[in-house]
Structure formats: C-alpha cells, structure tokens
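Here's target27.pdb, which has PDB, C-alpha atoms:
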```pdb
MODEL        1
ATOM      1  CA  MET A   1      97.235  84.986  78.417
ATOM      2  CA  LEU A   2     100.787  84.293  77.275
ATOM      3  CA  GLU A   3     102.921  81.633  78.947
ATOM      4  CA  ILE A   4     106.683  81.219  79.240
ATOM      5  CA  GLY A   5     107.574  78.352  81.553
ATOM      6  CA  ASN A   6     105.891  79.118  84.865
ATOM      7  CA  THR A   7     105.349  82.775  83.984
ATOM      8  CA  LEU A   8     101.879  83.833  82.887
ATOM      9  CA  ILE A   9     101.755  87.176  81.067
ATOM     10  CA  ASP A  10      98.564  89.192  80.707
ATOM     11  CA  ASP A  11      97.792  89.908  77.024
ATOM     12  CA  GLU A  12      97.552  93.614  77.850
ATOM     13  CA  ILE A  13     101.347  93.720  78.320
ATOM     14  CA  ALA A  14     101.752  92.723  74.670
ATOM     15  CA  LYS A  15      99.132  95.156  73.382
ATOM     16  CA  SER A  16      99.869  98.328  75.383
ATOM     17  CA  PHE A  17     102.155 101.244  74.567
ATOM     18  CA  PHE A  18     104.190 103.078  77.198
ATOM     19  CA  VAL A  19     107.089 105.525  77.574
ATOM     20  CA  CYS A  20     107.584 107.352  80.877
ATOM     21  CA  ASP A  21     106.950 111.056  80.401
ATOM     22  CA  LEU A  22     108.774 112.479  83.411
ATOM     23  CA  ASN A  23     108.243 116.042  82.249
ATOM     24  CA  LYS A  24     104.516 115.516  82.778
ATOM     25  CA  CYS A  25     104.270 113.101  85.726
ATOM     26  CA  LYS A  26     107.314 114.507  87.595
ATOM     27  CA  GLY A  27     108.089 111.022  88.977
ATOM     28  CA  GLY A  28     104.718 110.884  90.693
ATOM     29  CA  CYS A  29     104.939 107.118  91.214
ATOM     30  CA  CYS A  30     107.658 107.820  93.808
ATOM     31  CA  LYS A  31     105.241 109.919  95.826
ATOM     32  CA  ALA A  32     101.688 108.720  95.278
ATOM     33  CA  GLY A  33     100.349 105.794  97.223
ATOM     34  CA  GLU A  34     100.169 104.714 100.814
ATOM     35  CA  LEU A  35     102.989 102.184 100.940
ATOM     36  CA  GLY A  36     106.553 102.241  99.649
ATOM     37  CA  ALA A  37     107.879 100.158  96.786
ATOM     38  CA  PRO A  38     107.528  96.381  97.168
ATOM     39  CA  LEU A  39     110.880  94.642  97.650
ATOM     40  CA  LYS A  40     112.097  91.091  97.324
ATOM     41  CA  GLU A  41     113.751  89.904 100.520
ATOM     42  CA  GLU A  42     117.204  89.963  98.900
ATOM     43  CA  GLU A  43     116.596  93.560  97.797
ATOM     44  CA  ALA A  44     115.695  94.563 101.360
ATOM     45  CA  LEU A  45     118.927  92.939 102.573
ATOM     46  CA  GLN A  46     120.928  94.763  99.880
ATOM     47  CA  ILE A  47     119.421  98.162 100.748
ATOM     48  CA  ASN A  48     120.167  97.537 104.425
ATOM     49  CA  LYS A  49     123.766  96.684 103.481
ATOM     50  CA  ASP A  50     124.189  99.745 101.211
ATOM     51  CA  ILE A  51     122.319 102.308 103.322
ATOM     52  CA  ASP A  52     125.482 104.201 104.370
ATOM     53  CA  LYS A  53     126.296 104.840 100.693
ATOM     54  CA  ILE A  54     122.731 105.838  99.769
ATOM     55  CA  THR A  55     121.907 108.132 102.713
ATOM     56  CA  PRO A  56     124.369 110.955 101.825
ATOM     57  CA  LEU A  57     122.519 111.427  98.510
ATOM     58  CA  LEU A  58     119.244 112.139 100.322
ATOM     59  CA  PRO A  59     117.764 115.445 101.484
ATOM     60  CA  GLN A  60     118.184 116.242 105.181
ATOM     61  CA  GLU A  61     114.548 115.350 106.012
ATOM     62  CA  ASN A  62     114.956 111.867 104.512
ATOM     63  CA  GLN A  63     118.284 111.353 106.291
ATOM     64  CA  GLU A  64     116.663 112.286 109.613
ATOM     65  CA  TYR A  65     113.817 109.854 108.941
ATOM     66  CA  LEU A  66     116.298 107.028 108.359
ATOM     67  CA  GLN A  67     118.209 107.887 111.548
ATOM     68  CA  SER A  68     115.144 106.915 113.577
ATOM     69  CA  ASN A  69     113.592 104.284 111.263
ATOM     70  CA  LYS A  70     114.787 101.149 109.508
ATOM     71  CA  PRO A  71     115.889 101.401 105.856
ATOM     72  CA  THR A  72     113.297  98.777 104.863
ATOM     73  CA  GLU A  73     110.101  97.577 106.494
ATOM     74  CA  ARG A  74     107.828  94.576 106.394
ATOM     75  CA  VAL A  75     104.181  95.497 105.782
ATOM     76  CA  GLU A  76     101.443  92.917 105.207
ATOM     77  CA  ASN A  77     104.047  90.147 104.663
ATOM     78  CA  THR A  78     105.865  92.189 102.001
ATOM     79  CA  TRP A  79     109.186  93.993 102.291
ATOM     80  CA  ARG A  80     108.872  97.654 101.265
ATOM     81  CA  THR A  81     110.773 100.894 101.143
ATOM     82  CA  PRO A  82     109.553 103.248 103.879
ATOM     83  CA  SER A  83     107.437 106.283 103.007
ATOM     84  CA  LEU A  84     107.501 109.740 104.515
ATOM     85  CA  ASP A  85     104.322 111.206 106.012
ATOM     86  CA  ASP A  86     103.291 112.678 102.646
ATOM     87  CA  GLY A  87     103.527 109.239 100.961
ATOM     88  CA  GLN A  88     106.824 109.905  99.186
ATOM     89  CA  CYS A  89     109.338 107.055  99.154
ATOM     90  CA  VAL A  90     112.147 107.879 101.562
ATOM     91  CA  TYR A  91     114.641 107.161  98.745
ATOM     92  CA  ALA A  92     113.068 109.633  96.290
ATOM     93  CA  ILE A  93     115.061 112.780  95.614
ATOM     94  CA  GLU A  94     114.149 115.793  93.530
ATOM     95  CA  LYS A  95     116.347 116.761  90.602
ATOM     96  CA  ASN A  96     115.190 119.435  88.165
ATOM     97  CA  ASN A  97     111.691 119.342  89.674
ATOM     98  CA  ILE A  98     111.391 115.577  88.978
ATOM     99  CA  LEU A  99     111.502 112.836  91.602
ATOM    100  CA  THR A 100     114.115 110.181  90.979
ATOM    101  CA  CYS A 101     115.548 107.256  92.947
ATOM    102  CA  SER A 102     118.609 107.764  95.147
ATOM    103  CA  ILE A 103     119.270 104.012  95.062
ATOM    104  CA  GLU A 104     119.454 104.131  91.262
ATOM    105  CA  LEU A 105     121.600 107.279  91.468
ATOM    106  CA  ALA A 106     124.039 105.522  93.838
ATOM    107  CA  HIS A 107     124.150 102.600  91.402
ATOM    108  CA  ASN A 108     124.741 104.884  88.394
ATOM    109  CA  GLU A 109     127.573 106.615  90.278
ATOM    110  CA  ASN A 110     129.148 103.177  90.974
ATOM    111  CA  LEU A 111     128.697 103.562  94.724
ATOM    112  CA  ILE A 112     126.665 100.340  94.980
ATOM    113  CA  GLU A 113     126.060  97.315  92.733
ATOM    114  CA  PHE A 114     122.328  97.102  93.395
ATOM    115  CA  ASN A 115     120.050  99.069  91.086
ATOM    116  CA  LYS A 116     116.618 100.364  92.118
ATOM    117  CA  PRO A 117     114.017  97.836  93.282
ATOM    118  CA  ILE A 118     112.800  95.599  90.475
ATOM    119  CA  SER A 119     109.192  96.548  91.282
ATOM    120  CA  CYS A 120     110.081 100.144  90.353
ATOM    121  CA  HIS A 121     112.174  99.146  87.345
ATOM    122  CA  LEU A 122     109.338  96.979  85.951
ATOM    123  CA  TYR A 123     106.537  99.438  86.618
ATOM    124  CA  PRO A 124     103.741  99.496  85.331
ATOM    125  CA  ILE A 125     104.127  95.724  85.181
ATOM    126  CA  ARG A 126     103.339  94.105  88.514
ATOM    127  CA  SER A 127     103.665  90.452  89.481
ATOM    128  CA  LYS A 128     101.906  88.033  91.777
ATOM    129  CA  SER A 129     103.247  84.649  92.809
ATOM    130  CA  TYR A 130     101.074  81.572  93.115
ATOM    131  CA  GLU A 131     101.549  77.955  94.130
ATOM    132  CA  ILE A 132      99.399  75.391  92.365
ATOM    133  CA  GLU A 133      99.862  71.770  93.414
ATOM    134  CA  GLY A 134     103.337  72.559  94.732
ATOM    135  CA  GLU A 135     104.373  74.327  91.513
ATOM    136  CA  HIS A 136     105.385  78.020  91.598
ATOM    137  CA  TYR A 137     103.791  80.381  89.060
ATOM    138  CA  GLU A 138     104.201  84.090  88.515
ATOM    139  CA  LEU A 139     101.511  86.243  86.929
ATOM    140  CA  LEU A 140     102.621  89.468  85.217
ATOM    141  CA  PHE A 141      99.926  92.086  84.693
ATOM    142  CA  TYR A 142      99.655  95.701  83.633
ATOM    143  CA  HIS A 143      98.818  97.977  86.568
ATOM    144  CA  HIS A 144      96.810 100.977  85.382
ATOM    145  CA  TRP A 145      97.374 104.187  87.308
ATOM    146  CA  GLN A 146      96.144 107.646  86.347
ATOM    147  CA  ILE A 147      99.609 109.047  87.070
ATOM    148  CA  CYS A 148     100.848 107.173  83.985
ATOM    149  CA  ASN A 149      98.259 108.440  81.481
ATOM    150  CA  ALA A 150     100.883 110.713  79.882
ATOM    151  CA  ALA A 151     103.220 107.696  79.533
ATOM    152  CA  CYS A 152     100.508 105.752  77.716
ATOM    153  CA  GLN A 153      99.914 108.682  75.363
ATOM    154  CA  LEU A 154     103.639 109.137  74.691
ATOM    155  CA  GLY A 155     104.111 105.406  74.096
ATOM    156  CA  GLN A 156     101.240 105.443  71.623
ATOM    157  CA  LYS A 157     102.602 108.556  69.881
ATOM    158  CA  LEU A 158     106.108 107.049  69.610
ATOM    159  CA  ASN A 159     104.735 103.549  68.846
ATOM    160  CA  VAL A 160     106.754 101.935  71.667
ATOM    161  CA  PRO A 161     105.178  98.779  73.111
ATOM    162  CA  LEU A 162     105.280  98.389  76.891
ATOM    163  CA  TYR A 163     107.379  95.205  76.666
ATOM    164  CA  VAL A 164     109.962  97.070  74.535
ATOM    165  CA  PHE A 165     110.098 100.065  76.871
ATOM    166  CA  LEU A 166     110.683  97.666  79.790
ATOM    167  CA  LYS A 167     113.172  95.432  77.956
ATOM    168  CA  ASP A 168     116.067  96.040  80.394
ATOM    169  CA  ALA A 169     113.857  95.510  83.450
ATOM    170  CA  LEU A 170     112.316  92.332  82.008
ATOM    171  CA  ILE A 171     115.758  90.944  81.152
ATOM    172  CA  ARG A 172     117.051  91.901  84.612
ATOM    173  CA  SER A 173     114.156  90.066  86.205
ATOM    174  CA  TYR A 174     113.658  87.038  83.925
ATOM    175  CA  GLY A 175     116.759  86.773  81.732
ATOM    176  CA  GLU A 176     117.677  87.315  78.081
ATOM    177  CA  SER A 177     116.389  83.898  76.949
ATOM    178  CA  TRP A 178     113.004  84.523  78.583
ATOM    179  CA  TYR A 179     112.765  87.942  76.904
ATOM    180  CA  GLN A 180     113.603  86.473  73.484
ATOM    181  CA  LYS A 181     110.819  83.901  73.984
ATOM    182  CA  LEU A 182     108.443  86.747  74.864
ATOM    183  CA  LEU A 183     109.376  88.551  71.623
ATOM    184  CA  THR A 184     108.862  85.374  69.605
ATOM    185  CA  ILE A 185     105.414  84.797  71.103
ATOM    186  CA  ILE A 186     104.244  88.411  70.729
ATOM    187  CA  GLU A 187     105.694  89.145  67.313
ATOM    188  CA  LYS A 188     104.644  85.963  65.500
TER
ENDMDL
END
```
Since I need it in another form, could you write the structure as structure tokens?
Amino acid sequence: MLEIGNTLIDDEIAKSFFVCDLNKCKGGCCKAGELGAPLKEEEALQINKDIDKITPLLPQENQEYLQSNKPTERVENTWRTPSLDDGQCVYAIEKNNILTCSIELAHNENLIEFNKPISCHLYPIRSKSYEIEGEHYELLFYHHWQICNAACQLGQKLNVPLYVFLKDALIRSYGESWYQKLLTIIEK
C-alpha cells in the first residue's frame, strides 16, 4: 500500500497497465451495471445547473427520460447519474458505434465548465472514504471489470502504466503536487 498524506493507494495501481480500447469495448462502462456513475455532491449540483446545455446533445429517448426524471439521483446515500431501463447512463450518447459522455462533449464544445464525473474520468480507479479517529482517509483501488480486459491487454502491449494513462484524471482529482509525489514513490 502506498501513502500520500491521507490517501492510501493500492499497490495494484502502480503495477497495472491500462489504455482504454474503445474500438473493442465500445464504451461498455457507460452501459453495463445497475446504477449510474457515482457523483460527488458538487458534481450533482453542477449537472443540475448545466442540464439545459447538456440535454440538446442527447438522443430523443434520453431527453424524454430527463423530462420526467431528475438529472441526478441519490441512491444508497450516493449521488449518481440516472440510468435508462437497459442500464445505460442517461448521459451516454453513441458516436461512430461507441458510447461517449454528453457531459464531456458539452465541456469539450465549451458549453459548460464541468467535465464528466470524476468517477468516470478516473475509472478503473475507484475510491472509498474512511474516518479513523476523526481523521479523513481515502483509499484508491483498482476495480477489475471484464469489460476492460481489452484495455489491460492494450496497456500491456503499449507499456502504459495505469497511473500514467490516468494522469489527467489523477491531477484533476488530487492535484499536480500529489501526482508528482505518486511518481516519486512508484518510480524510485
């Protein structure tokens, strides 16, 4: 286990290789599963604020869903993006036979400042928060999912460590200084 401040990092994050292979998985992480993407409370508030700029990018079915449902939901004490009946995230859109995020698309087109949820940006790294004797800790771990087998193979083939592939997401979440400390610990 690696440690940076109050962040505990599973060794597997340092040892694994990963590069999303969208041509093989087709963005399956946006569709598989029973619940939508986990959101921080501030992300849920931002999506609610930006929904009028995101909705026009969505297919008609998704727009109709959002007309009668809230843009975010609280499930089991966690904010989440809603999912359609088939499990697909309501914000997923298909482009060239690959699912992608309409929130990220709106961000890339400068329609909104908020990028896609950090839980999506960091995937396959997941986090859990803990309190120990009044002190807050966050555990980062590698979430294995069969959908990402092609990404593991491509990462291995290209020799790209998981923490390098997710550099931008890790910096977005924890900061440049934190990321540099991670590199120092892993690469020594």
Using atom CA of Val160 of chain A and atom CA of Phe18 of chain A as the two end points, give the distance in Å to one decimal.
6.2 Å
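Nearest residue to Asn48 of chain A, choosing from A:Glu73, A:Glu176, A:Glu138, A:Glu109 and counting only C-alpha atoms: A:Glu73.
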Using atom CA of Pro82 of chain A and atom CA of Pro38 of chain A as the two end points, give the distance in Å to one decimal.
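Pair atom CA of Pro82 of chain A / atom CA of Pro38 of chain A returns 9.8 Å.
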12 Å contact set for Ile4 of chain A, only C-alpha atoms, chain neighbours under 2 positions out, as number ranges by chain
A: 1-2, 6-10, 137-140, 174-175, 177-186
Export of the given selection (C-alpha atoms) as a PDB file, in the frame of the given file:
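Just written: out_5.pdb:
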```
ATOM      1  CA  MET A   1      97.235  84.986  78.417  1.00  0.00           C
ATOM      2  CA  LEU A   2     100.787  84.293  77.275  1.00  0.00           C
ATOM      3  CA  ASN A   6     105.891  79.118  84.865  1.00  0.00           C
ATOM      4  CA  THR A   7     105.349  82.775  83.984  1.00  0.00           C
ATOM      5  CA  LEU A   8     101.879  83.833  82.887  1.00  0.00           C
ATOM      6  CA  ILE A   9     101.755  87.176  81.067  1.00  0.00           C
ATOM      7  CA  ASP A  10      98.564  89.192  80.707  1.00  0.00           C
ATOM      8  CA  TYR A 137     103.791  80.381  89.060  1.00  0.00           C
ATOM      9  CA  GLU A 138     104.201  84.090  88.515  1.00  0.00           C
ATOM     10  CA  LEU A 139     101.511  86.243  86.929  1.00  0.00           C
ATOM     11  CA  LEU A 140     102.621  89.468  85.217  1.00  0.00           C
ATOM     12  CA  TYR A 174     113.658  87.038  83.925  1.00  0.00           C
ATOM     13  CA  GLY A 175     116.759  86.773  81.732  1.00  0.00           C
ATOM     14  CA  SER A 177     116.389  83.898  76.949  1.00  0.00           C
ATOM     15  CA  TRP A 178     113.004  84.523  78.583  1.00  0.00           C
ATOM     16  CA  TYR A 179     112.765  87.942  76.904  1.00  0.00           C
ATOM     17  CA  GLN A 180     113.603  86.473  73.484  1.00  0.00           C
ATOM     18  CA  LYS A 181     110.819  83.901  73.984  1.00  0.00           C
ATOM     19  CA  LEU A 182     108.443  86.747  74.864  1.00  0.00           C
ATOM     20  CA  LEU A 183     109.376  88.551  71.623  1.00  0.00           C
ATOM     21  CA  THR A 184     108.862  85.374  69.605  1.00  0.00           C
ATOM     22  CA  ILE A 185     105.414  84.797  71.103  1.00  0.00           C
ATOM     23  CA  ILE A 186     104.244  88.411  70.729  1.00  0.00           C
TER      24      ILE A 186
END
```
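Residue nearest Ile112 of chain A, chosen from A:Thr55, A:Asn23, A:Ser173, A:Thr81 and counting all atoms listed in the file: A:Thr55.
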Find the distance between atom CA of Lys167 of chain A and atom CA of Cys152 of chain A and write it in Å to one decimal.
16.3 Å
As a check of understanding, name the residues that the PyMOL selection byres ((chain A and resi 17) around 10) selects in the supplied structure, as a ChimeraX atom specification.
/A:12-16,18-19,151-165
Matched chain/residue IDs from the PyMOL selection byres ((chain A and resi 105) around 12), as a tab-separated table (two decimals) with C-alpha atoms, in the coordinates of the input:
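New file part04.tsv:
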```tsv
chain	number	residue	atom	x	y	z
A	53	LYS	CA	126.30	104.84	100.69
A	54	ILE	CA	122.73	105.84	99.77
A	55	THR	CA	121.91	108.13	102.71
A	56	PRO	CA	124.37	110.96	101.82
A	57	LEU	CA	122.52	111.43	98.51
A	58	LEU	CA	119.24	112.14	100.32
A	91	TYR	CA	114.64	107.16	98.74
A	92	ALA	CA	113.07	109.63	96.29
A	93	ILE	CA	115.06	112.78	95.61
A	94	GLU	CA	114.15	115.79	93.53
A	95	LYS	CA	116.35	116.76	90.60
A	99	LEU	CA	111.50	112.84	91.60
A	100	THR	CA	114.12	110.18	90.98
A	101	CYS	CA	115.55	107.26	92.95
A	102	SER	CA	118.61	107.76	95.15
A	103	ILE	CA	119.27	104.01	95.06
A	104	GLU	CA	119.45	104.13	91.26
A	106	ALA	CA	124.04	105.52	93.84
A	107	HIS	CA	124.15	102.60	91.40
A	108	ASN	CA	124.74	104.88	88.39
A	109	GLU	CA	127.57	106.62	90.28
A	110	ASN	CA	129.15	103.18	90.97
A	111	LEU	CA	128.70	103.56	94.72
A	112	ILE	CA	126.66	100.34	94.98
A	113	GLU	CA	126.06	97.32	92.73
A	114	PHE	CA	122.33	97.10	93.40
A	115	ASN	CA	120.05	99.07	91.09
A	116	LYS	CA	116.62	100.36	92.12
```
Excluding Lys40 of chain A and residues on its chain fewer than 6 positions from it, collect all residues at most 10 Å away from it, counting all atoms listed in the file, and give them as a ChimeraX atom specification.
/A:46,78-80,117-119
Identify the residues around (121.3, 106.0, 110.2) within a radius of 12 Å, measuring from only C-alpha atoms in the coordinates stated by the file, and give them as a ChimeraX atom specification.
/A:48-56,58,60,62-71
Box in all listed atoms of segment 142-151 of chain A, axis-aligned, with 4 Å more on each side; write out centre and edge lengths in Å to one decimal as AutoDock Vina command-line options.
```
--center_x 99.7 --center_y 103.2 --center_z 83.4 --size_x 15.1 --size_y 23.0 --size_z 15.8
```
Choose the residue, out of A:Glu135, A:Asp168, A:Asp86, A:Glu187, that has the smallest atom-to-atom separation from Ala32 of chain A; count all atoms listed in the file.
A:Asp86
Can you turn the PyMOL selection byres ((chain A and resi 31) around 8) into a concrete residue list for this file, as a PyMOL selection string?
chain A and resi 27-30+32-33+86-89+92
